[in-house]
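Q: Dropping a structure here in structure tokens format, bear with me for questions.
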Amino acid sequence: MARAPEETAPAAAPELEQPAQTWRAPVVLQVKSVVSAALGILVVAVFFPVWIAIPVAVVLGGWGVGMCVRRAQLRLDPGAGTLTVRRGPLTRRVAVRDIDVVGLDRAKVTIGRADGTAISCYAWRRSRLDQWLRVPVVASDVAHAISKAAAAVRGSRDEGAGGARRTRSGKNSSLTVVAVTGIIEIAAAFFVRVSWGSPALTVLGVIVALGLGFTGMFSVVFALWTFLSVRTRRR
């Protein structure tokens, strides 16, 4: 009697065996963060009351030190199935299997997850100042690597589960932080000192107040628009 052929396990997809990749921000961005924090501390010390200036200066100082000590980086580890986005003291980890779409807009990489939320980061140039400082742009390499890893995991999951996709109810914590920050900026604009004996300081005070107001309004509108767009897409 002929012997039935033995079934062999399918070979692992080569995409799943990608090595871990790390993209670190250049040192010049660390210096830029420290200088920006120092300028922010100077502005709040001059144009805000003491009871606002002290806590804001502490936050800005902590942020500047955190950005200096912990350099921003992106780390993609297909073996562990994680994408780590680190920006100074803040670190976010995303499971590769939850990545639904990867968008690229010049130096901006947007990572959309299956639950409808998204994470955006710059790699690494984001302004004309960065261009003048010759900050490199690696966004295309980052987006391609993330998209490739997510497609490999998605294909493996679809084959094993008959093409069924898993979605979760996402949390809009990032949008909440953006909206709250915008509200704080709008409130802070009313406490800026704009009455000075010097016309130059008066003009600078008005510019600071208007800048905070417009930035805060933009943040609130952006968070609200993104939240409504996500809800509409889910429906």
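For the structure tokens, the naming scheme is as follows: chains receive sequential letters (A, B, ...) according to their order of presentation, residues are indexed from 1 within each chain, and ligands are indexed from 1 in presentation order.
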Report as an MDAnalysis selection string all protein, DNA and RNA residues lying within 9 Å of Gln73 in chain A, evaluated on only C-alpha atoms, omitting residues in the same chain fewer than 6 positions from it.
A: chainID A and resid 22:25 84:88 123
Q: How about saving the chosen residues, C-alpha atoms kept, as a tab-separated table (two decimals), in the first residue's frame?
A:
```tsv
chain	number	residue	atom	x	y	z
A	22	THR	CA	16.11	51.84	14.52
A	23	TRP	CA	16.07	55.43	13.26
A	24	ARG	CA	17.57	57.97	15.68
A	25	ALA	CA	17.11	61.71	15.39
A	84	THR	CA	8.15	52.12	19.35
A	85	VAL	CA	7.88	55.87	18.84
A	86	ARG	CA	9.98	57.80	21.34
A	87	ARG	CA	10.12	61.56	21.60
A	88	GLY	CA	12.06	62.66	24.62
A	123	ALA	CA	11.33	61.85	10.61
```
Q: Just the strand (DSSP E) stuff from range 59-213 of chain A, please, per backbone DSSP, written as a PyMOL selection string.
A: chain A and resi 73-77+82-87+90-95+99-105+108-113+118-122
Q: Would you mind exporting the chosen residues as a CSV table (one decimal), in the first residue's frame, restricted to N, CA and C atoms?
A:
```csv
chain,number,residue,atom,x,y,z
A,73,GLN,N,13.6,58.7,18.7
A,73,GLN,CA,13.9,57.6,17.8
A,73,GLN,C,12.6,56.8,17.5
A,74,LEU,N,12.7,56.1,16.4
A,74,LEU,CA,11.7,55.1,15.9
A,74,LEU,C,12.4,53.8,15.8
A,75,ARG,N,11.7,52.8,16.4
A,75,ARG,CA,12.3,51.4,16.4
A,75,ARG,C,11.2,50.5,16.0
A,76,LEU,N,11.5,49.8,14.9
A,76,LEU,CA,10.5,48.7,14.3
A,76,LEU,C,11.1,47.4,14.6
A,77,ASP,N,10.4,46.5,15.3
A,77,ASP,CA,10.9,45.2,15.6
A,77,ASP,C,9.9,44.2,15.1
A,82,THR,N,6.3,44.9,17.4
A,82,THR,CA,6.1,46.2,18.0
A,82,THR,C,6.8,47.3,17.2
A,83,LEU,N,6.2,48.5,17.3
A,83,LEU,CA,6.7,49.7,16.8
A,83,LEU,C,6.8,50.7,17.9
A,84,THR,N,8.0,51.2,18.2
A,84,THR,CA,8.2,52.1,19.3
A,84,THR,C,8.5,53.5,18.8
A,85,VAL,N,7.7,54.5,19.2
A,85,VAL,CA,7.9,55.9,18.8
A,85,VAL,C,8.3,56.6,20.1
A,86,ARG,N,9.5,57.1,20.2
A,86,ARG,CA,10.0,57.8,21.3
A,86,ARG,C,10.3,59.2,21.0
A,87,ARG,N,9.8,60.1,21.8
A,87,ARG,CA,10.1,61.6,21.6
A,87,ARG,C,10.4,62.2,23.0
A,90,LEU,N,8.5,61.0,26.3
A,90,LEU,CA,7.2,60.3,25.9
A,90,LEU,C,7.6,59.1,25.0
A,91,THR,N,7.0,58.0,25.3
A,91,THR,CA,7.2,56.8,24.5
A,91,THR,C,5.8,56.1,24.2
A,92,ARG,N,5.6,55.8,23.0
A,92,ARG,CA,4.4,55.1,22.6
A,92,ARG,C,4.8,53.8,21.8
A,93,ARG,N,4.1,52.7,22.2
A,93,ARG,CA,4.3,51.4,21.5
A,93,ARG,C,3.0,51.0,20.8
A,94,VAL,N,3.2,50.6,19.6
A,94,VAL,CA,2.1,50.1,18.7
A,94,VAL,C,2.4,48.7,18.3
A,95,ALA,N,1.4,47.9,18.4
A,95,ALA,CA,1.5,46.5,17.9
A,95,ALA,C,1.4,46.5,16.4
A,99,ILE,N,-1.7,47.9,13.0
A,99,ILE,CA,-1.5,48.9,12.0
A,99,ILE,C,-2.3,48.6,10.8
A,100,ASP,N,-3.1,49.6,10.4
A,100,ASP,CA,-4.1,49.4,9.3
A,100,ASP,C,-3.6,50.1,8.0
A,101,VAL,N,-3.0,51.3,8.2
A,101,VAL,CA,-2.6,52.0,7.0
A,101,VAL,C,-1.4,52.9,7.5
A,102,VAL,N,-0.5,53.2,6.5
A,102,VAL,CA,0.6,54.0,6.8
A,102,VAL,C,0.6,55.2,5.7
A,103,GLY,N,0.6,56.4,6.2
A,103,GLY,CA,0.6,57.5,5.3
A,103,GLY,C,1.9,58.3,5.3
A,104,LEU,N,2.2,58.9,4.2
A,104,LEU,CA,3.5,59.7,4.1
A,104,LEU,C,3.2,61.0,3.5
A,105,ASP,N,3.6,62.1,4.2
A,105,ASP,CA,3.4,63.4,3.7
A,105,ASP,C,4.8,64.2,3.9
A,108,LYS,N,6.5,63.7,7.2
A,108,LYS,CA,5.5,63.3,8.2
A,108,LYS,C,5.0,61.9,7.9
A,109,VAL,N,5.1,61.0,8.9
A,109,VAL,CA,4.6,59.6,8.8
A,109,VAL,C,3.4,59.5,9.7
A,110,THR,N,2.2,59.1,9.2
A,110,THR,CA,1.0,58.9,9.9
A,110,THR,C,0.7,57.4,9.9
A,111,ILE,N,0.6,56.8,11.1
A,111,ILE,CA,0.3,55.4,11.3
A,111,ILE,C,-1.1,55.2,11.8
A,112,GLY,N,-2.0,54.7,11.0
A,112,GLY,CA,-3.4,54.5,11.3
A,112,GLY,C,-3.6,53.1,11.8
A,113,ARG,N,-4.3,53.0,12.9
A,113,ARG,CA,-4.6,51.7,13.5
A,113,ARG,C,-6.0,51.2,13.2
A,118,ALA,N,-4.8,57.2,15.3
A,118,ALA,CA,-3.6,57.4,14.5
A,118,ALA,C,-2.5,58.0,15.3
A,119,ILE,N,-1.3,57.8,14.9
A,119,ILE,CA,-0.1,58.4,15.5
A,119,ILE,C,0.7,59.1,14.3
A,120,SER,N,1.1,60.3,14.5
A,120,SER,CA,1.8,61.0,13.5
A,120,SER,C,3.2,61.4,14.1
A,121,CYS,N,4.2,61.4,13.3
A,121,CYS,CA,5.5,61.8,13.8
A,121,CYS,C,6.3,62.3,12.6
A,122,TYR,N,7.3,63.1,12.8
A,122,TYR,CA,8.2,63.6,11.8
A,122,TYR,C,9.5,62.9,11.8
```
Q: Distance CA of Gly211 in chain A-CA of Ala72 in chain A, one decimal place?
A: 26.4 Å
Q: Using only C-alpha atoms, what table do you get, as JSON lines, when you list each residue of range 16-112 of chain A with an atom no more than 10 Å from range 199-209 of chain A, its nearest pair of atoms, and their distance in Å rounded to one decimal, rows by chain then rising number?
A:
```
{"residue": "A:Val43", "atom": "CA", "partner": "A:Val208", "partner_atom": "CA", "distance": 8.4}
{"residue": "A:Val44", "atom": "CA", "partner": "A:Val208", "partner_atom": "CA", "distance": 9.5}
{"residue": "A:Val46", "atom": "CA", "partner": "A:Gly205", "partner_atom": "CA", "distance": 9.1}
{"residue": "A:Phe47", "atom": "CA", "partner": "A:Gly205", "partner_atom": "CA", "distance": 6.4}
{"residue": "A:Phe48", "atom": "CA", "partner": "A:Gly205", "partner_atom": "CA", "distance": 9.4}
```
Q: So which bits of range 27-215 of chain A end up alpha helix (DSSP H) when you DSSP the backbone, as a ChimeraX atom specification?
A: /A:27-47,50-69,128-132,139-160,173-189,199-215
Q: Between CA of Val220 in chain A and CA of Lys32 in chain A, what is the distance, to one decimal in Å?
A: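 Going from CA of Val220 in chain A over to CA of Lys32 in chain A, I get 26.5 Å.
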Q: Using only C-alpha atoms, which residue out of A:Gly213, A:Gly64, A:Gly182, A:Gly79 lies closest to Leu29 in chain A?
A: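 The shortest atom-to-atom distance to Leu29 in chain A comes from A:Gly64.
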Q: Name the closest residue to Ala38 in chain A among the candidates A:Val65, A:Ile54, A:Ala114, A:Gln18; distances are taken between atoms, counting only C-alpha atoms.
A: A:Val65
Q: Using CA of Ala143 in chain A and CA of Ser127 in chain A as the two end points, give the distance in Å to one decimal.
A: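 Answer for the CA of Ala143 in chain A to CA of Ser127 in chain A separation: 19.3 Å.
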